[in-house]
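What's in coords.cif: mmCIF, C-alpha atoms
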```cif
data_my_file
#
loop_
_atom_site.label_atom_id
_atom_site.label_comp_id
_atom_site.auth_asym_id
_atom_site.auth_seq_id
_atom_site.Cartn_x
_atom_site.Cartn_y
_atom_site.Cartn_z
CA MET A 1 12.41 21.47 12.30
CA ILE A 2 8.78 20.34 12.27
CA ARG A 3 7.99 17.61 14.80
CA PHE A 4 5.04 15.31 14.13
CA ARG A 5 3.33 13.23 16.80
CA PHE A 6 2.43 10.17 14.74
CA PHE A 7 4.88 10.09 11.81
CA ASP A 8 7.34 7.69 13.46
CA LEU A 9 4.51 5.41 14.61
CA ILE A 10 3.08 5.15 11.10
CA MET A 11 6.54 4.49 9.69
CA ALA A 12 7.06 1.67 12.22
CA VAL A 13 3.74 0.03 11.31
CA PHE A 14 4.50 0.43 7.60
CA VAL A 15 7.90 -1.30 7.90
CA THR A 16 6.48 -4.05 10.13
CA VAL A 17 3.73 -4.86 7.64
CA LEU A 18 6.30 -4.86 4.84
CA LEU A 19 8.66 -7.31 6.57
CA VAL A 20 5.94 -9.69 7.79
CA SER A 21 4.28 -9.80 4.36
CA ASN A 22 7.59 -10.72 2.72
CA VAL A 23 8.15 -13.60 5.14
CA ALA A 24 4.60 -14.83 4.50
CA SER A 25 5.17 -14.61 0.73
CA SER A 26 8.13 -16.94 1.00
CA ALA A 27 6.39 -19.33 3.40
CA LYS A 28 3.23 -20.35 1.58
CA ILE A 29 1.10 -20.11 -1.56
CA ILE A 30 -2.64 -20.06 -0.83
CA ASP A 31 -5.18 -21.65 -3.15
CA TRP A 32 -8.85 -20.77 -2.60
CA GLY A 33 -9.92 -23.68 -4.78
CA VAL A 34 -11.94 -21.61 -7.24
CA ASP A 35 -11.45 -20.12 -10.70
CA VAL A 36 -12.47 -16.67 -11.95
CA PHE A 37 -12.74 -16.43 -15.75
CA GLY A 38 -10.49 -19.46 -16.02
CA VAL A 39 -7.82 -18.01 -13.70
CA ARG A 40 -7.06 -19.96 -10.53
CA LEU A 41 -7.35 -17.90 -7.33
CA ALA A 42 -3.92 -18.78 -5.95
CA PHE A 43 -1.53 -16.25 -4.44
CA ASP A 44 1.41 -16.01 -2.08
CA ALA A 45 0.41 -15.55 1.57
CA GLY A 46 1.99 -12.11 1.80
CA THR A 47 -0.80 -10.80 -0.40
CA LEU A 48 -3.13 -10.97 2.61
CA LEU A 49 -1.09 -8.31 4.40
CA PHE A 50 0.93 -6.42 1.79
CA PRO A 51 -1.93 -4.17 0.57
CA ILE A 52 -1.98 -2.58 4.03
CA SER A 53 1.48 -1.16 3.35
CA TYR A 54 0.03 0.69 0.36
CA ILE A 55 -2.77 2.07 2.50
CA PHE A 56 -0.20 3.45 4.94
CA GLY A 57 1.85 4.68 1.99
CA ASP A 58 -1.19 6.62 0.78
CA ILE A 59 -1.74 8.06 4.24
CA LEU A 60 1.90 9.14 4.53
CA THR A 61 1.94 10.90 1.16
CA GLU A 62 -1.50 12.47 1.59
CA VAL A 63 -0.76 13.95 5.00
CA TYR A 64 3.02 14.47 5.12
CA GLY A 65 3.89 14.75 1.43
CA TYR A 66 6.07 12.87 -1.05
CA LYS A 67 9.38 13.99 0.48
CA ARG A 68 8.65 12.44 3.88
CA SER A 69 7.05 9.41 2.28
CA ARG A 70 10.25 8.92 0.27
CA ARG A 71 12.17 8.71 3.55
CA VAL A 72 9.85 5.96 4.79
CA ILE A 73 10.10 4.01 1.51
CA TRP A 74 13.90 4.02 1.73
CA THR A 75 13.72 2.98 5.39
CA GLY A 76 11.59 -0.02 4.40
CA PHE A 77 13.98 -0.80 1.55
CA PHE A 78 17.03 -1.01 3.81
CA CYS A 79 15.07 -2.97 6.43
CA LEU A 80 14.26 -5.55 3.74
CA ILE A 81 17.96 -5.82 2.90
CA PHE A 82 18.83 -6.21 6.59
CA SER A 83 16.21 -8.93 7.11
CA SER A 84 17.54 -10.79 4.08
CA LEU A 85 21.07 -10.68 5.48
CA ILE A 86 19.86 -12.04 8.82
CA PHE A 87 17.98 -14.93 7.17
CA SER A 88 21.09 -15.66 5.08
CA LEU A 89 23.28 -15.77 8.20
CA VAL A 90 20.83 -18.03 10.06
CA ARG A 91 20.67 -20.32 7.05
CA VAL A 92 24.42 -21.09 7.07
CA LEU A 93 24.81 -21.42 10.84
CA PRO A 94 24.94 -25.05 12.12
CA GLY A 95 21.65 -26.42 13.41
CA GLU A 96 21.23 -27.92 16.89
CA VAL A 97 20.76 -31.71 16.99
CA THR A 98 17.24 -31.74 18.48
CA TRP A 99 16.07 -29.07 16.02
CA GLN A 100 17.49 -31.14 13.18
CA SER A 101 15.37 -34.12 14.32
CA TYR A 102 11.99 -32.35 14.24
CA ALA A 103 12.57 -29.62 11.65
CA GLY A 104 15.96 -29.67 9.96
CA GLN A 105 17.81 -27.62 7.37
CA ALA A 106 15.61 -28.84 4.55
CA ALA A 107 12.51 -27.43 6.26
CA TYR A 108 14.23 -24.09 6.84
CA ASP A 109 15.41 -23.93 3.23
CA SER A 110 12.00 -24.78 1.80
CA ILE A 111 10.08 -22.25 3.95
CA LEU A 112 12.42 -19.41 4.93
CA GLY A 113 15.26 -20.09 2.54
CA GLY A 114 13.50 -17.91 0.00
CA MET A 115 14.11 -14.87 2.21
CA SER A 116 17.83 -15.29 1.59
CA SER A 117 17.76 -16.58 -1.99
CA GLY A 118 18.76 -14.19 -4.72
CA GLY A 119 15.53 -14.51 -6.69
CA ILE A 120 13.00 -13.71 -4.00
CA VAL A 121 15.17 -10.97 -2.48
CA LEU A 122 15.77 -9.27 -5.81
CA ALA A 123 12.09 -9.59 -6.73
CA SER A 124 10.97 -8.17 -3.38
CA LEU A 125 13.37 -5.25 -3.42
CA ALA A 126 12.80 -4.26 -7.04
CA ALA A 127 9.02 -4.62 -6.89
CA TYR A 128 8.72 -2.82 -3.56
CA TRP A 129 10.95 0.07 -4.63
CA ALA A 130 9.30 0.60 -8.01
CA GLY A 131 5.75 0.02 -6.76
CA GLU A 132 5.90 2.25 -3.68
CA PHE A 133 7.50 5.16 -5.51
CA SER A 134 4.98 4.83 -8.34
CA ASN A 135 2.17 4.85 -5.80
CA SER A 136 3.49 7.85 -3.86
CA PHE A 137 4.32 9.86 -6.99
CA THR A 138 0.89 9.23 -8.52
CA LEU A 139 -0.97 10.22 -5.35
CA ALA A 140 1.09 13.39 -4.84
CA LYS A 141 0.54 14.52 -8.42
CA MET A 142 -3.17 13.68 -8.33
CA LYS A 143 -3.56 15.70 -5.13
CA ILE A 144 -2.26 18.78 -6.92
CA LEU A 145 -4.42 18.14 -10.00
CA THR A 146 -7.58 17.62 -7.92
CA ARG A 147 -6.69 20.45 -5.53
CA GLY A 148 -7.10 18.13 -2.60
CA LYS A 149 -10.57 16.87 -3.56
CA TRP A 150 -11.73 13.29 -4.16
CA LEU A 151 -9.36 11.47 -1.83
CA TRP A 152 -10.92 8.16 -2.88
CA ALA A 153 -9.84 8.78 -6.48
CA ARG A 154 -6.26 9.44 -5.39
CA THR A 155 -5.94 6.42 -3.11
CA VAL A 156 -7.53 4.00 -5.55
CA GLY A 157 -5.88 5.55 -8.61
CA SER A 158 -2.40 5.50 -7.11
CA THR A 159 -2.90 1.91 -5.95
CA ILE A 160 -3.96 0.81 -9.44
CA ILE A 161 -0.65 2.13 -10.77
CA GLY A 162 1.58 1.14 -7.86
CA GLU A 163 0.21 -2.37 -7.44
CA LEU A 164 0.39 -3.04 -11.18
CA VAL A 165 4.08 -2.15 -11.17
CA ASP A 166 4.75 -4.01 -7.92
CA THR A 167 2.84 -7.21 -8.66
CA SER A 168 4.00 -7.62 -12.26
CA LEU A 169 7.64 -6.97 -11.42
CA PHE A 170 7.67 -9.22 -8.35
CA ILE A 171 6.09 -12.24 -10.03
CA LEU A 172 8.17 -11.75 -13.20
CA ILE A 173 11.53 -11.63 -11.42
CA ALA A 174 10.60 -14.40 -8.97
CA SER A 175 9.50 -16.63 -11.87
CA LEU A 176 12.71 -15.90 -13.79
CA PHE A 177 14.68 -17.16 -10.77
CA GLY A 178 12.49 -20.23 -10.39
CA VAL A 179 10.81 -19.15 -7.14
CA PHE A 180 7.37 -19.57 -8.71
CA PRO A 181 6.57 -21.93 -11.61
CA TRP A 182 5.68 -20.23 -14.90
CA SER A 183 2.46 -22.23 -14.94
CA LEU A 184 1.23 -19.99 -12.08
CA PHE A 185 2.44 -16.70 -13.58
CA VAL A 186 -0.88 -15.41 -14.94
CA SER A 187 -2.80 -16.72 -11.95
CA LEU A 188 -0.44 -15.13 -9.41
CA VAL A 189 -0.30 -11.76 -11.21
CA ALA A 190 -4.06 -11.57 -11.75
CA THR A 191 -5.15 -12.73 -8.31
CA ASN A 192 -2.51 -10.68 -6.48
CA TYR A 193 -3.41 -7.55 -8.42
CA ILE A 194 -7.19 -7.94 -8.11
CA PHE A 195 -6.98 -8.78 -4.41
CA LYS A 196 -4.63 -5.89 -3.55
CA CYS A 197 -6.68 -3.30 -5.44
CA GLY A 198 -9.86 -4.72 -3.94
CA VAL A 199 -8.49 -4.37 -0.41
CA GLU A 200 -7.54 -0.75 -1.12
CA ALA A 201 -11.04 0.02 -2.37
CA LEU A 202 -12.71 -1.69 0.60
CA MET A 203 -10.44 0.12 3.05
CA THR A 204 -11.23 3.57 1.61
CA PRO A 205 -13.54 4.52 4.53
CA PHE A 206 -10.75 3.59 6.98
CA THR A 207 -8.27 5.67 4.97
CA TYR A 208 -10.63 8.66 5.06
CA ILE A 209 -10.96 8.42 8.85
CA VAL A 210 -7.22 8.09 9.51
CA VAL A 211 -6.28 10.86 7.05
CA SER A 212 -8.84 13.24 8.53
CA LYS A 213 -7.75 12.61 12.11
CA LEU A 214 -4.06 12.85 11.26
CA LYS A 215 -4.45 16.13 9.40
CA THR A 216 -6.23 17.57 12.40
CA ALA A 217 -3.79 16.18 14.98
CA GLU A 218 -0.63 17.05 13.04
CA LYS A 219 -1.97 20.33 11.60
CA GLU A 220 -0.53 19.25 8.27
CA ASP A 221 -1.98 18.75 4.79
CA PHE A 222 1.02 18.84 2.49
CA TYR A 223 0.91 19.71 -1.22
CA ASP A 224 3.97 18.82 -3.30
CA TYR A 225 4.04 21.94 -5.48
CA GLU A 226 7.81 22.43 -5.32
CA THR A 227 8.93 18.91 -4.46
CA ASN A 228 11.84 17.22 -6.18
CA PHE A 229 10.25 13.91 -7.15
CA SER A 230 13.49 12.06 -7.79
CA PRO A 231 13.45 8.93 -5.61
CA PHE A 232 17.19 9.40 -5.06
CA SER A 233 16.95 12.89 -3.57
CA LEU A 234 17.43 12.18 0.13
#
```

What would the structure in this file look like if it were written as structure tokens?
Amino acid sequence: MIRFRFFDLIMAVFVTVLLVSNVASSAKIIDWGVDVFGVRLAFDAGTLLFPISYIFGDILTEVYGYKRSRRVIWTGFFCLIFSSLIFSLVRVLPGEVTWQSYAGQAAYDSILGGMSSGGIVLASLAAYWAGEFSNSFTLAKMKILTRGKWLWARTVGSTIIGELVDTSLFILIASLFGVFPWSLFVSLVATNYIFKCGVEALMTPFTYIVVSKLKTAEKEDFYDYETNFSPFSL
């Protein structure tokens, strides 16, 4: 069995970013106070951090291959479910008297209640699962087609696909469950998508550096020529 020095570390950072970004998404919607082509630049706070998970997803697939990236995606998926169960348990437990006086159940429900509500959980899980697998699949296939050249095209190209799937599905499902008002649907989709893709593009030099160092350190540069790309093949 091949042992990698940094695989577990990258997986830990990936899952941490994923969980923190989902809490931030439930906690606050940010409004920059400006419009672009008539679209208000407002987005959930998790957007500030979530694109980093796609950068690490690109790094995982580029260096270790789709099969190992699939393992990390599923790990993140089950960690999201676990975190949702914990927030649900905390939500129904009785609150201490002093806490009730300065915060209270209403504050918890309005800020963190979304982490245990069906709409935001379903939206997060479905969007994450579909978006990450779309991203990883696209990058792995593009690596074969480009014969390992033009890393920037693979990272940006896969993000364009993955983030489109992720953002559209998340906002759609969340809006259907009343998490976000429909009046913000276009604004949230557009600003989330533009921001996430923009972060990926700006972080391309960082991605190049990390990928190069990892390939050297791990002595691995995997090509998915014979990989089973089914997301359910564990």

Shell around Phe133 in chain A at 9 Å using only C-alpha atoms, local window under 5 positions removed, as an mmCIF file with C-alpha atoms, in the frame of the given file:
```
data_model
loop_
_atom_site.group_PDB
_atom_site.id
_atom_site.type_symbol
_atom_site.label_atom_id
_atom_site.label_comp_id
_atom_site.auth_asym_id
_atom_site.auth_seq_id
_atom_site.Cartn_x
_atom_site.Cartn_y
_atom_site.Cartn_z
ATOM 1 C CA SER A 69 7.050 9.410 2.280
ATOM 2 C CA ARG A 70 10.250 8.920 0.270
ATOM 3 C CA ILE A 73 10.100 4.010 1.510
ATOM 4 C CA TYR A 128 8.720 -2.820 -3.560
ATOM 5 C CA THR A 138 0.890 9.230 -8.520
ATOM 6 C CA GLY A 162 1.580 1.140 -7.860
ATOM 7 C CA PRO A 231 13.450 8.930 -5.610
#
```

(request) Enter the distance from CA of Ser53 in chain A to CA of Lys196 in chain A, in Å, rounded to one decimal. (result) 10.4 Å

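Using only C-alpha atoms, the contacts of Pro181 in chain A at a cut-off of 12 Å, with sequence neighbours closer than 6 positions omitted, comprise Ile29, Ile171, Leu172, Ile173, Ala174, Ser175, Ser187 and Leu188 of chain A.
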
Once you have the residues from the selection above, write them out as a short mmCIF file (atom, residue, chain, number, x, y, z; two decimals), in the coordinates of the input, restricted to C-alpha atoms.
```
data_model
loop_
_atom_site.label_atom_id
_atom_site.label_comp_id
_atom_site.auth_asym_id
_atom_site.auth_seq_id
_atom_site.Cartn_x
_atom_site.Cartn_y
_atom_site.Cartn_z
CA ILE A 29 1.10 -20.11 -1.56
CA ILE A 171 6.09 -12.24 -10.03
CA LEU A 172 8.17 -11.75 -13.20
CA ILE A 173 11.53 -11.63 -11.42
CA ALA A 174 10.60 -14.40 -8.97
CA SER A 175 9.50 -16.63 -11.87
CA SER A 187 -2.80 -16.72 -11.95
CA LEU A 188 -0.44 -15.13 -9.41
#
```

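When all atoms listed in the file are used to measure the gap to Arg3 in chain A, the shortest distance among A:Tyr64, A:Trp99, A:Ile120, A:Val15 belongs to A:Tyr64.
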
(request) Fewer than 2 positions away in the same chain doesn't count, so skip those; otherwise give me all residues within 12 Å of Val23 in chain A, counting only C-alpha atoms, as number ranges by chain. (result) A: 16-21, 25-29, 44-50, 80, 83-84, 87, 111-116, 120-121, 124

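Taking only C-alpha atoms into account, Arg71 in chain A lies nearest to A:Glu132 out of the set A:Glu132, A:Glu96, A:Asp35, A:Asp109.
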
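You can rank A:Met203, A:Ala107, A:Ala127, A:Val92 by their closest distance to Val165 in chain A using only C-alpha atoms, and at the top of that list sits A:Ala127.
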
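Proximity to Glu218 in chain A was assessed for A:Val63, A:Leu145, A:Cys79, A:Val97 counting all atoms listed in the file; the smallest distance is recorded for A:Val63.
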
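In this comparison, which uses all atoms listed in the file, the residue of A:Tyr66, A:Phe170, A:Trp74, A:Phe4 approaching Phe229 in chain A most closely is A:Tyr66.
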
(message) I need the output of the PyMOL selection byres ((chain A and resi 207) around 10) for this file as a VMD selection string; which residues are they?
(response) chain A and resid 55 to 56 58 to 59 151 to 152 155 200 to 206 208 to 213

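Between CA of Gly104 in chain A and CA of Val179 in chain A the interatomic distance comes to 20.7 Å.
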
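For the atom pair formed by CA of Lys149 in chain A and CA of Glu163 in chain A, the distance is 22.4 Å, given to one decimal.
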